[in-house]
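S.K.: Sending over a structure as structure tokens; questions will come in a sec.
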There are 2 protein chains.
Amino acid sequence: MDERRKTYLEAKSRVLKALGHPTRLLIAEELGRGERCVCEFVDMAGVDYSTVSRHLNVLKQAGIIEDEKRGKQVFYSLRVPCVLSFMECIEQVIRTGAEDRMKMIGQDQ
Amino acid sequence: MDERRKTYLEAKSRVLKALGHPTRLLIAEELGRGERCVCEFVDMAGVDYSTVSRHLNVLKQAGIIEDEKRGKQVFYSLRVPCVLSFMECIEQVIRTGAEDRMKMIGQDQ
DNA sequence: AGTATATTTGGCATAATAGCAAAATAAAAG
DNA sequence: CTTTTATTTTGCTATTATGCCAAATATACT
């Protein structure tokens, strides 16, 4: 495998990894409905301000969201909304996984 | 946030997390061209057999790939090929991220 | 049965993540 | 200018992830 591909795989997996956490995925989904300030995620996710702030930074570094300071608050928004289109396929992965496990039970392995 | 959504966010983020590693993303991309045995990934990724085996298990547990033993070898294949369609959007994330960083340099921050 | 090949599993060391609490910043309000 | 509010950063701890080596399994070959 050449170096170029390796670097590119790293870049792409970084984006997926950023979305690979329940709180960060929640943030992305909520931003799909419009911009939000940090405090709203603190309430929704039920975790510390400092924790939310870190998650937001992971998503920002990955290039998925952007921030804008207005007064005392910082508003975040989705920079690349197409990431939300992943959900349909992900739901399919989960659904077919569940179906297969059902079949397995029927066959007693 | 209700319990149902929380559980669902965990399930969905598990799928994304599984793809959020360069070696596992390489595996998924390769399987997009057809089934492969473990040894092929060992060569391509340049990591230990045991390491590849573990990555394959992560993808399998996530419901993304499946395995089939034939003779001495185990062949893996993509169970839900739509995951490869994520790439276009991910490339967009990377591209616009790079562009923005360019602009930043022009503005000296 | 005995050996070779392909893959998985267990054990272990190291690195990366996640979360909280407390301290630091920044802007607005009094 | 002091206080309050919103957010980020730092320090720390606990948990999880990664990767190698060696051992275990499974199947084919002789």
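Each chain of the structure tokens is named A, B, ... in the order shown, its residues numbered from 1; ligands are numbered from 1 in display order.
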Show me which bits of chain C are within 10 Å of chain A, counting only C-alpha atoms (C1' of nucleotides), as number ranges by chain.
M.R.: C: 18-21, 26-28
S.K.: May I have the residues of chain D within 9 Å of chain B, counting only C-alpha atoms (C1' of nucleotides), written as a ChimeraX atom specification?
M.R.: /D:18-20,26-28
S.K.: Could you tell me which of B:Met102, B:Ile27, B:Ala45, B:Leu78 comes closest to chain A if we count only C-alpha atoms?
M.R.: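 Of B:Met102, B:Ile27, B:Ala45, B:Leu78, the one nearest chain A is B:Ala45, counting only C-alpha atoms.
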S.K.: Chain A near chain B within 7 Å: what's each residue's closest atom pair and its distance in Å to one decimal, counting only C-alpha atoms, ordered by chain then ascending residue number, as JSON lines?
M.R.:
```
{"residue": "A:Met1", "atom": "CA", "partner": "B:Met44", "partner_atom": "CA", "distance": 5.9}
{"residue": "A:Leu9", "atom": "CA", "partner": "B:Pro22", "partner_atom": "CA", "distance": 5.1}
{"residue": "A:Glu10", "atom": "CA", "partner": "B:Pro22", "partner_atom": "CA", "distance": 5.1}
{"residue": "A:Lys12", "atom": "CA", "partner": "B:Ile90", "partner_atom": "CA", "distance": 6.3}
{"residue": "A:Ser13", "atom": "CA", "partner": "B:Gly20", "partner_atom": "CA", "distance": 4.4}
{"residue": "A:Arg14", "atom": "CA", "partner": "B:Gly20", "partner_atom": "CA", "distance": 6.2}
{"residue": "A:Val15", "atom": "CA", "partner": "B:Ile90", "partner_atom": "CA", "distance": 6.8}
{"residue": "A:Leu16", "atom": "CA", "partner": "B:Gly20", "partner_atom": "CA", "distance": 4.7}
{"residue": "A:Lys17", "atom": "CA", "partner": "B:Gly20", "partner_atom": "CA", "distance": 4.0}
{"residue": "A:Leu19", "atom": "CA", "partner": "B:Leu16", "partner_atom": "CA", "distance": 6.4}
{"residue": "A:Gly20", "atom": "CA", "partner": "B:Lys17", "partner_atom": "CA", "distance": 4.0}
{"residue": "A:His21", "atom": "CA", "partner": "B:Ser13", "partner_atom": "CA", "distance": 5.1}
{"residue": "A:Pro22", "atom": "CA", "partner": "B:Glu10", "partner_atom": "CA", "distance": 5.1}
{"residue": "A:Leu25", "atom": "CA", "partner": "B:Ser13", "partner_atom": "CA", "distance": 6.6}
{"residue": "A:Leu26", "atom": "CA", "partner": "B:Leu9", "partner_atom": "CA", "distance": 6.9}
{"residue": "A:Met44", "atom": "CA", "partner": "B:Met1", "partner_atom": "CA", "distance": 5.9}
{"residue": "A:Gly63", "atom": "CA", "partner": "B:Gly97", "partner_atom": "CA", "distance": 5.3}
{"residue": "A:Ile64", "atom": "CA", "partner": "B:Val93", "partner_atom": "CA", "distance": 6.4}
{"residue": "A:Val80", "atom": "CA", "partner": "B:Val93", "partner_atom": "CA", "distance": 6.2}
{"residue": "A:Cys82", "atom": "CA", "partner": "B:Cys89", "partner_atom": "CA", "distance": 6.0}
{"residue": "A:Val83", "atom": "CA", "partner": "B:Cys89", "partner_atom": "CA", "distance": 6.4}
{"residue": "A:Phe86", "atom": "CA", "partner": "B:Phe86", "partner_atom": "CA", "distance": 6.3}
{"residue": "A:Cys89", "atom": "CA", "partner": "B:Cys82", "partner_atom": "CA", "distance": 6.0}
{"residue": "A:Ile90", "atom": "CA", "partner": "B:Lys12", "partner_atom": "CA", "distance": 6.2}
{"residue": "A:Val93", "atom": "CA", "partner": "B:Gly63", "partner_atom": "CA", "distance": 5.8}
{"residue": "A:Ile94", "atom": "CA", "partner": "B:Gly63", "partner_atom": "CA", "distance": 6.7}
{"residue": "A:Gly97", "atom": "CA", "partner": "B:Gly63", "partner_atom": "CA", "distance": 5.3}
```
S.K.: Mind checking which residues fall within 10 Å of DG11 (chain C), counting only C-alpha atoms (C1' of nucleotides), ignoring those fewer than 4 positions away in the same chain, and posting them as a PDB file with C-alpha atoms (C1' of nucleotides), in the first residue's frame?
M.R.:
```pdb
ATOM      1  C1'  DC D  21       4.274 -12.386  20.711  1.00  0.00           C
ATOM      2  C1'  DA D  22       3.294 -16.875  21.958  1.00  0.00           C
ATOM      3  C1'  DA D  23      -0.074 -20.449  22.468  1.00  0.00           C
TER       4       DA D  23
END
```
S.K.: How many Å lie between CA of Leu59 (chain B) and CA of Ala28 (chain B), rounded to one decimal?
M.R.: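 According to the coordinates, CA of Leu59 (chain B) and CA of Ala28 (chain B) are separated by 8.5 Å.
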S.K.: Can you tell me how far CA of Gly32 (chain A) sits from CA of Leu56 (chain A), in Å to one decimal?
M.R.: 14.5 Å
S.K.: For CA of Val42 (chain A) and C1' of DT7 (chain D), determine how far apart the two atoms are, in Å to one decimal place.
M.R.: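 Pair CA of Val42 (chain A) / C1' of DT7 (chain D) returns 11.4 Å.
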S.K.: Give me, as an MDAnalysis selection string, the residues of chain A that a backbone DSSP run labels helix (DSSP H, G or I).
M.R.: chainID A and resid 3:19 22:31 38:45 49:61 81:106
